[in-house]
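structure.cif, holding mmCIF, C-alpha atoms:
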data_upload
loop_
_atom_site.group_PDB
_atom_site.id
_atom_site.type_symbol
_atom_site.label_atom_id
_atom_site.label_comp_id
_atom_site.auth_asym_id
_atom_site.auth_seq_id
_atom_site.Cartn_x
_atom_site.Cartn_y
_atom_site.Cartn_z
ATOM 1 C CA GLY Z 1 81.329 -90.571 139.429
ATOM 2 C CA ILE Z 2 84.021 -87.991 139.978
ATOM 3 C CA VAL Z 3 87.527 -88.638 141.321
ATOM 4 C CA LEU Z 4 89.335 -86.581 143.957
ATOM 5 C CA GLY Z 5 93.007 -87.011 144.786
ATOM 6 C CA CYS Z 6 95.454 -85.810 147.403
ATOM 7 C CA GLY Z 7 99.088 -86.370 148.335
ATOM 8 C CA SER Z 8 102.064 -86.545 146.006
ATOM 9 C CA ASN Z 9 101.742 -85.608 142.335
ATOM 10 C CA GLU Z 10 105.469 -85.394 141.606
ATOM 11 C CA VAL Z 11 105.268 -87.789 138.648
ATOM 12 C CA GLY Z 12 101.638 -87.080 137.778
ATOM 13 C CA GLN Z 13 100.102 -89.894 139.798
ATOM 14 C CA LEU Z 14 97.092 -87.708 140.666
ATOM 15 C CA GLY Z 15 96.711 -86.551 137.063
ATOM 16 C CA LEU Z 16 96.758 -82.879 138.083
ATOM 17 C CA GLY Z 17 99.370 -81.699 135.579
ATOM 18 C CA GLU Z 18 102.783 -80.056 135.706
ATOM 19 C CA GLY Z 19 103.791 -77.836 138.603
ATOM 20 C CA VAL Z 20 101.573 -79.518 141.207
ATOM 21 C CA ASP Z 21 103.919 -81.528 143.408
ATOM 22 C CA THR Z 22 101.780 -82.023 146.509
ATOM 23 C CA VAL Z 23 98.080 -81.627 147.272
ATOM 24 C CA ARG Z 24 96.952 -81.516 150.907
ATOM 25 C CA ASP Z 25 93.230 -81.214 150.262
ATOM 26 C CA PRO Z 26 91.201 -83.400 147.873
ATOM 27 C CA ALA Z 27 91.467 -82.031 144.328
ATOM 28 C CA LEU Z 28 89.282 -82.911 141.346
ATOM 29 C CA VAL Z 29 90.852 -85.042 138.616
ATOM 30 C CA GLU Z 30 89.482 -83.710 135.355
ATOM 31 C CA GLY Z 31 89.122 -85.051 131.823
ATOM 32 C CA ILE Z 32 88.321 -88.686 132.574
ATOM 33 C CA GLY Z 33 84.539 -88.828 132.141
ATOM 34 C CA THR Z 34 82.301 -90.604 134.628
ATOM 35 C CA VAL Z 35 84.551 -92.994 136.526
ATOM 36 C CA GLU Z 36 83.308 -96.499 137.294
ATOM 37 C CA SER Z 37 86.401 -97.857 139.064
ATOM 38 C CA LEU Z 38 89.965 -96.861 139.903
ATOM 39 C CA SER Z 39 93.170 -98.458 141.115
ATOM 40 C CA ALA Z 40 96.494 -97.121 142.426
ATOM 41 C CA GLY Z 41 99.936 -98.660 142.080
ATOM 42 C CA LEU Z 42 103.325 -97.268 143.086
ATOM 43 C CA ALA Z 43 103.227 -93.653 141.828
ATOM 44 C CA PHE Z 44 100.682 -94.352 139.062
ATOM 45 C CA SER Z 45 96.905 -94.518 138.749
ATOM 46 C CA LEU Z 46 94.368 -96.320 136.563
ATOM 47 C CA PHE Z 47 90.807 -95.211 135.836
ATOM 48 C CA LYS Z 48 87.975 -97.052 134.088
ATOM 49 C CA SER Z 49 85.335 -94.582 132.978
ATOM 50 C CA ASP Z 50 82.249 -94.576 130.817
ATOM 51 C CA ASN Z 51 84.277 -93.490 127.782
ATOM 52 C CA GLY Z 52 87.547 -95.372 128.115
ATOM 53 C CA LEU Z 53 90.533 -96.413 130.189
ATOM 54 C CA TYR Z 54 92.771 -93.627 131.515
ATOM 55 C CA VAL Z 55 96.204 -93.698 133.131
ATOM 56 C CA ALA Z 56 98.406 -91.191 134.951
ATOM 57 C CA GLY Z 57 101.747 -91.118 136.745
ATOM 58 C CA ASN Z 58 104.910 -93.138 136.410
ATOM 59 C CA ASN Z 59 105.313 -95.379 133.355
ATOM 60 C CA PHE Z 60 108.963 -96.408 133.666
ATOM 61 C CA TYR Z 61 108.208 -100.125 133.301
ATOM 62 C CA GLY Z 62 105.450 -99.692 130.735
ATOM 63 C CA GLN Z 63 102.838 -100.382 133.403
ATOM 64 C CA GLN Z 64 100.345 -97.986 131.822
ATOM 65 C CA CYS Z 65 100.030 -100.012 128.597
ATOM 66 C CA ILE Z 66 100.439 -96.896 126.446
ATOM 67 C CA LEU Z 67 100.676 -97.332 122.673
ATOM 68 C CA ASP Z 68 102.652 -94.140 121.971
ATOM 69 C CA ASN Z 69 106.327 -94.598 122.898
ATOM 70 C CA ASP Z 70 106.833 -90.824 122.815
ATOM 71 C CA VAL Z 71 104.634 -90.199 125.858
ATOM 72 C CA GLY Z 72 107.587 -90.600 128.247
ATOM 73 C CA ASN Z 73 108.112 -92.081 131.691
ATOM 74 C CA ASN Z 74 105.808 -89.713 133.563
ATOM 75 C CA VAL Z 75 102.241 -89.035 132.446
ATOM 76 C CA MET Z 76 101.243 -85.798 134.161
ATOM 77 C CA THR Z 77 97.598 -85.602 133.068
ATOM 78 C CA PRO Z 78 95.180 -88.486 132.404
ATOM 79 C CA TYR Z 79 95.951 -90.281 129.147
ATOM 80 C CA LYS Z 80 93.297 -92.321 127.353
ATOM 81 C CA LEU Z 81 94.457 -95.735 126.138
ATOM 82 C CA GLU Z 82 93.999 -96.509 122.478
ATOM 83 C CA ASN Z 83 92.387 -99.624 121.013
ATOM 84 C CA ILE Z 84 90.562 -100.592 124.231
ATOM 85 C CA THR Z 85 86.955 -99.683 124.918
ATOM 86 C CA SER Z 86 85.631 -99.612 128.460
ATOM 87 C CA THR Z 87 82.545 -101.596 127.442
ATOM 88 C CA ASP Z 88 84.792 -104.618 126.828
ATOM 89 C CA VAL Z 89 86.550 -104.304 130.192
ATOM 90 C CA ALA Z 90 85.416 -105.729 133.521
ATOM 91 C CA THR Z 91 88.249 -104.334 135.674
ATOM 92 C CA PHE Z 92 91.474 -102.348 135.242
ATOM 93 C CA GLU Z 93 93.738 -102.929 138.222
ATOM 94 C CA ALA Z 94 97.245 -102.203 139.440
ATOM 95 C CA ILE Z 95 99.841 -103.956 141.524
ATOM 96 C CA LYS Z 96 103.101 -102.275 142.543
ATOM 97 C CA THR Z 97 104.557 -101.585 139.101
ATOM 98 C CA SER Z 98 102.343 -103.624 136.764
ATOM 99 C CA SER Z 99 98.770 -103.469 135.492
ATOM 100 C CA PHE Z 100 96.070 -105.937 134.524
ATOM 101 C CA VAL Z 101 93.048 -105.558 132.258
ATOM 102 C CA MET Z 102 90.356 -108.182 132.831
ATOM 103 C CA PHE Z 103 87.984 -108.306 129.894
ATOM 104 C CA LYS Z 104 84.328 -109.273 130.137
ATOM 105 C CA ASP Z 105 84.990 -112.402 128.082
ATOM 106 C CA GLY Z 106 87.211 -113.731 130.911
ATOM 107 C CA THR Z 107 90.589 -113.088 129.287
ATOM 108 C CA VAL Z 108 93.232 -111.026 131.052
ATOM 109 C CA GLY Z 109 95.997 -108.810 129.732
ATOM 110 C CA GLY Z 110 98.946 -107.386 131.616
ATOM 111 C CA CYS Z 111 101.796 -104.953 131.132
ATOM 112 C CA GLY Z 112 104.646 -103.426 133.098
ATOM 113 C CA ARG Z 113 107.243 -104.854 135.417
ATOM 114 C CA ASN Z 114 107.647 -108.622 135.274
ATOM 115 C CA ASP Z 115 110.907 -109.349 137.080
ATOM 116 C CA PHE Z 116 109.250 -111.854 139.427
ATOM 117 C CA GLY Z 117 106.956 -113.270 136.752
ATOM 118 C CA GLN Z 118 103.995 -111.296 138.067
ATOM 119 C CA LEU Z 119 102.432 -111.026 134.591
ATOM 120 C CA GLY Z 120 102.292 -114.816 134.239
ATOM 121 C CA LEU Z 121 103.889 -114.915 130.791
ATOM 122 C CA GLY Z 122 106.392 -117.701 131.369
ATOM 123 C CA VAL Z 123 109.310 -115.249 131.213
ATOM 124 C CA ASN Z 124 110.695 -112.614 133.569
ATOM 125 C CA LEU Z 125 110.981 -109.741 131.103
ATOM 126 C CA ASN Z 126 109.289 -106.380 131.546
ATOM 127 C CA ILE Z 127 106.499 -105.873 129.012
ATOM 128 C CA LYS Z 128 106.114 -102.571 127.182
ATOM 129 C CA LEU Z 129 104.469 -103.915 124.043
ATOM 130 C CA PRO Z 130 101.484 -101.755 123.105
ATOM 131 C CA ASP Z 131 99.301 -104.758 122.283
ATOM 132 C CA ARG Z 132 99.971 -106.524 125.572
ATOM 133 C CA PRO Z 133 96.579 -105.741 127.145
ATOM 134 C CA ARG Z 134 94.991 -107.680 124.307
ATOM 135 C CA ALA Z 135 97.723 -110.310 124.012
ATOM 136 C CA GLY Z 136 96.801 -111.795 127.358
ATOM 137 C CA VAL Z 137 98.379 -113.138 130.498
ATOM 138 C CA GLY Z 138 100.293 -116.282 129.593
ATOM 139 C CA PHE Z 139 98.533 -119.626 129.595
ATOM 140 C CA ILE Z 140 95.325 -119.686 131.633
ATOM 141 C CA PRO Z 141 94.960 -123.273 132.870
ATOM 142 C CA SER Z 142 91.740 -125.087 131.929
ATOM 143 C CA GLY Z 143 90.866 -122.297 129.494
ATOM 144 C CA LEU Z 144 87.963 -121.242 131.720
ATOM 145 C CA PRO Z 145 87.223 -117.526 131.958
ATOM 146 C CA ILE Z 146 88.725 -115.489 134.766
ATOM 147 C CA ILE Z 147 86.061 -113.688 136.799
ATOM 148 C CA LYS Z 148 88.099 -111.952 139.497
ATOM 149 C CA LEU Z 149 91.631 -110.683 140.109
ATOM 150 C CA GLY Z 150 93.466 -110.695 143.427
ATOM 151 C CA VAL Z 151 95.822 -107.710 143.524
ATOM 152 C CA GLY Z 152 97.151 -104.966 145.812
ATOM 153 C CA PRO Z 153 99.067 -101.689 145.372
ATOM 154 C CA SER Z 154 102.270 -102.954 147.018
ATOM 155 C CA SER Z 155 102.108 -106.459 145.568
ATOM 156 C CA GLU Z 156 104.474 -108.085 143.097
ATOM 157 C CA SER Z 157 102.224 -111.122 142.858
ATOM 158 C CA ALA Z 158 98.776 -111.620 141.348
ATOM 159 C CA PHE Z 159 95.918 -114.079 141.768
ATOM 160 C CA PHE Z 160 93.204 -115.148 139.334
ATOM 161 C CA ILE Z 161 89.857 -116.795 140.153
ATOM 162 C CA ASN Z 162 88.125 -118.634 137.317
ATOM 163 C CA SER Z 163 84.441 -119.315 136.694
ATOM 164 C CA VAL Z 164 84.397 -122.571 138.699
ATOM 165 C CA GLY Z 165 86.246 -121.091 141.672
ATOM 166 C CA ASP Z 166 89.756 -122.376 140.969
ATOM 167 C CA VAL Z 167 92.509 -120.010 142.119
ATOM 168 C CA TYR Z 168 95.803 -119.456 140.318
ATOM 169 C CA ALA Z 169 98.794 -117.354 141.335
ATOM 170 C CA THR Z 170 101.955 -115.954 139.787
ATOM 171 C CA GLY Z 171 104.829 -113.670 140.745
ATOM 172 C CA SER Z 172 106.915 -113.070 143.849
ATOM 173 C CA ASN Z 173 106.811 -115.865 146.424
ATOM 174 C CA ASP Z 174 109.797 -115.236 148.688
ATOM 175 C CA ARG Z 175 107.595 -115.370 151.798
ATOM 176 C CA GLY Z 176 105.296 -118.095 150.515
ATOM 177 C CA GLN Z 177 102.635 -115.508 149.682
ATOM 178 C CA LEU Z 178 101.385 -117.465 146.663
ATOM 179 C CA GLY Z 179 100.203 -120.292 148.900
ATOM 180 C CA VAL Z 180 101.650 -123.025 146.684
ATOM 181 C CA GLY Z 181 103.644 -124.827 149.378
ATOM 182 C CA ASP Z 182 107.101 -123.315 148.824
ATOM 183 C CA ASN Z 183 108.888 -119.981 148.465
ATOM 184 C CA ILE Z 184 109.862 -120.226 144.802
ATOM 185 C CA ASP Z 185 108.696 -117.428 142.480
ATOM 186 C CA ARG Z 186 106.373 -118.384 139.629
ATOM 187 C CA ASN Z 187 106.151 -116.890 136.129
ATOM 188 C CA LEU Z 188 103.191 -118.989 134.981
ATOM 189 C CA LEU Z 189 99.777 -119.267 136.575
ATOM 190 C CA THR Z 190 100.032 -121.973 139.239
ATOM 191 C CA LYS Z 191 97.041 -123.512 140.986
ATOM 192 C CA VAL Z 192 96.559 -122.760 144.671
ATOM 193 C CA ASN Z 193 95.026 -125.759 146.405
ATOM 194 C CA PHE Z 194 92.353 -125.090 149.002
ATOM 195 C CA ASP Z 195 90.304 -127.560 151.027
ATOM 196 C CA ASN Z 196 87.274 -128.727 149.034
ATOM 197 C CA SER Z 197 84.958 -126.983 151.495
ATOM 198 C CA VAL Z 198 86.524 -123.579 150.787
ATOM 199 C CA LYS Z 199 85.033 -121.342 148.118
ATOM 200 C CA VAL Z 200 87.259 -118.338 147.486
ATOM 201 C CA GLU Z 201 85.394 -115.211 146.410
ATOM 202 C CA GLN Z 202 88.047 -112.527 146.862
ATOM 203 C CA ILE Z 203 91.786 -112.158 147.344
ATOM 204 C CA SER Z 204 93.847 -109.161 148.429
ATOM 205 C CA THR Z 205 97.624 -109.107 148.189
ATOM 206 C CA SER Z 206 100.527 -107.187 149.687
ATOM 207 C CA GLY Z 207 104.267 -107.289 149.152
ATOM 208 C CA ASP Z 208 104.748 -110.278 151.428
ATOM 209 C CA HIS Z 209 101.349 -111.835 152.145
ATOM 210 C CA ALA Z 210 97.919 -112.542 150.717
ATOM 211 C CA LEU Z 211 94.428 -112.867 152.166
ATOM 212 C CA SER Z 212 91.499 -114.809 150.729
ATOM 213 C CA GLY Z 213 87.879 -114.971 151.757
#

Could you take the file, read its structure, and then write that structure out as structure tokens?
Amino acid sequence: GIVLGCGSNEVGQLGLGEGVDTVRDPALVEGIGTVESLSAGLAFSLFKSDNGLYVAGNNFYGQQCILDNDVGNNVMTPYKLENITSTDVATFEAIKTSSFVMFKDGTVGGCGRNDFGQLGLGVNLNIKLPDRPRAGVGFIPSGLPIIKLGVGPSSESAFFINSVGDVYATGSNDRGQLGVGDNIDRNLLTKVNFDNSVKVEQISTSGDHALSG
């Protein structure tokens, strides 16, 4: 469908172009086709449409996975990502300053800020590589396909649910929000142990806590 946005557009996060700092009534975001899903991070936005993946807003950490290094830190109007077709993508989702692409084959790619290990790559370096959405999130234990992501717009952690219901987490854990029994950050996917009677179907995360159901 269509997308309407309101609020701050200072760095292009609504995709409304230069000279539009604030919008107090819902405004149409143009040039992104028929949108199937959307996700907002801190001052940036992601759109999955029928004809591609689009991004807008702040890109300081490379969180928009843009191939062209000349685009700059702020993307004021929707920018279509190269080398990724929407038909291959299940979801395109944001956390605070990072992004994840979950492909229909169960692989996951990530880009952007990685200071807490939130991209699950085994290192804590920010990722701006243009091929990162295809390169994949670190080592996915068991090799089973990922079928759902657990993310949130203020989160610096991420969760992954595989095809048999196992849950893995990575990223910031200063408040124990990963559910792995301590408050040590992780930079690789780490299994979250639930009681055998629990089947997790969805996870939502914040900056200091997570919910599963």

What gap, in Å, lies between atom CA of Arg175 of chain Z and atom CA of Leu125 of chain Z?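 If I compute the distance from atom CA of Arg175 of chain Z to atom CA of Leu125 of chain Z, I get 21.7 Å.
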
Smallest atom-to-atom distance to Gly62 of chain Z: which of Z:Ile95, Z:Phe103, Z:Ile127, Z:Thr77, using only C-alpha atoms? Z:Ile127

Residue with smallest distance to Asp50 of chain Z - pool Z:Val200, Z:Val20, Z:Val11, Z:Val35, counting all atoms listed in the file: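 Closest to Asp50 of chain Z of all the choices is Z:Val35.
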
Which residues would end up in the selection if the PyMOL selection byres ((chain Z and resi 204-211) around 8) were applied here, given that I need the answer as a PyMOL selection string? chain Z and resi 150-158+173-178+202-203+212-213

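Reported to one decimal place, the separation of atom CA of Asn126 of chain Z from atom CA of Asn193 of chain Z is 28.3 Å.
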
In Å, how far is it from atom CA of Ala43 of chain Z to atom CA of Thr87 of chain Z?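 Separating atom CA of Ala43 of chain Z from atom CA of Thr87 of chain Z is a distance of 26.4 Å.
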
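Between Asn187 of chain Z and the candidates Z:Val75, Z:Leu119, Z:Leu67, Z:Leu16, the tightest atom-to-atom separation, counting all atoms listed in the file, involves Z:Leu119.
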
Measuring between only C-alpha atoms, which one of Z:Arg186, Z:Leu149, Z:Tyr54, Z:Gly109 shows the shortest distance to Glu82 of chain Z?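 Nearest candidate to Glu82 of chain Z out of Z:Arg186, Z:Leu149, Z:Tyr54, Z:Gly109: Z:Tyr54.
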
Name the residues that the PyMOL selection byres ((chain Z and resi 72) around 12) picks from the file above, as a list of chain:residue names, using the file's chain letters and numbers.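 Listing what the PyMOL selection byres ((chain Z and resi 72) around 12) selects in the shown file: Z:Val11, Z:Gly12, Z:Ala56, Z:Gly57, Z:Asn58, Z:Asn59, Z:Phe60, Z:Tyr61, Z:Gly62, Z:Gln64, Z:Ile66, Z:Leu67, Z:Asp68, Z:Asn69, Z:Asp70, Z:Val71, Z:Asn73, Z:Asn74, Z:Val75, Z:Met76, Z:Tyr79.
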
Given 3 Å on each side, where is the centre and what are the edge lengths in Å to one decimal of the axis-aligned box enclosing the listed atoms of segment 98-111 of chain Z, as AutoDock Vina command-line options?
--center_x 93.3 --center_y -108.6 --center_z 132.4 --size_x 24.0 --size_y 16.3 --size_z 14.7

Take the PyMOL selection byres ((chain Z and resi 25-27) around 12), run it mentally on this structure, and tell me the resulting residues as a count of residues only. 19

Looking at only C-alpha atoms, which of Z:Asp105, Z:Glu36, Z:Asp21, Z:Asp115 is the one that sits closest to Phe92 of chain Z?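 The closest residue to Phe92 of chain Z is Z:Glu36.
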
Give the answer as one residue: which of Z:Gly110, Z:Pro78, Z:Gly122, Z:Gly143 has the shortest atom-to-atom distance to Gly33 of chain Z, using all atoms listed in the file? Z:Pro78

If I put a ball of radius 8 Å at (83.7, -101.2, 130.4) in the file's coordinates, which residues poke into it when counting all atoms listed in the file, written as a list in words?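 Checked against the point, the hits come out as Lys48, Ser49, Asp50, Gly52, Thr85, Ser86, Thr87, Asp88, Val89, Ala90 and Thr91 of chain Z.
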
Since we have the selection now, will you write its residues out, keeping C-alpha atoms, as a CSV table (one decimal), in the frame of the given file?
chain,number,residue,atom,x,y,z
Z,48,LYS,CA,88.0,-97.1,134.1
Z,49,SER,CA,85.3,-94.6,133.0
Z,50,ASP,CA,82.2,-94.6,130.8
Z,52,GLY,CA,87.5,-95.4,128.1
Z,85,THR,CA,87.0,-99.7,124.9
Z,86,SER,CA,85.6,-99.6,128.5
Z,87,THR,CA,82.5,-101.6,127.4
Z,88,ASP,CA,84.8,-104.6,126.8
Z,89,VAL,CA,86.6,-104.3,130.2
Z,90,ALA,CA,85.4,-105.7,133.5
Z,91,THR,CA,88.2,-104.3,135.7
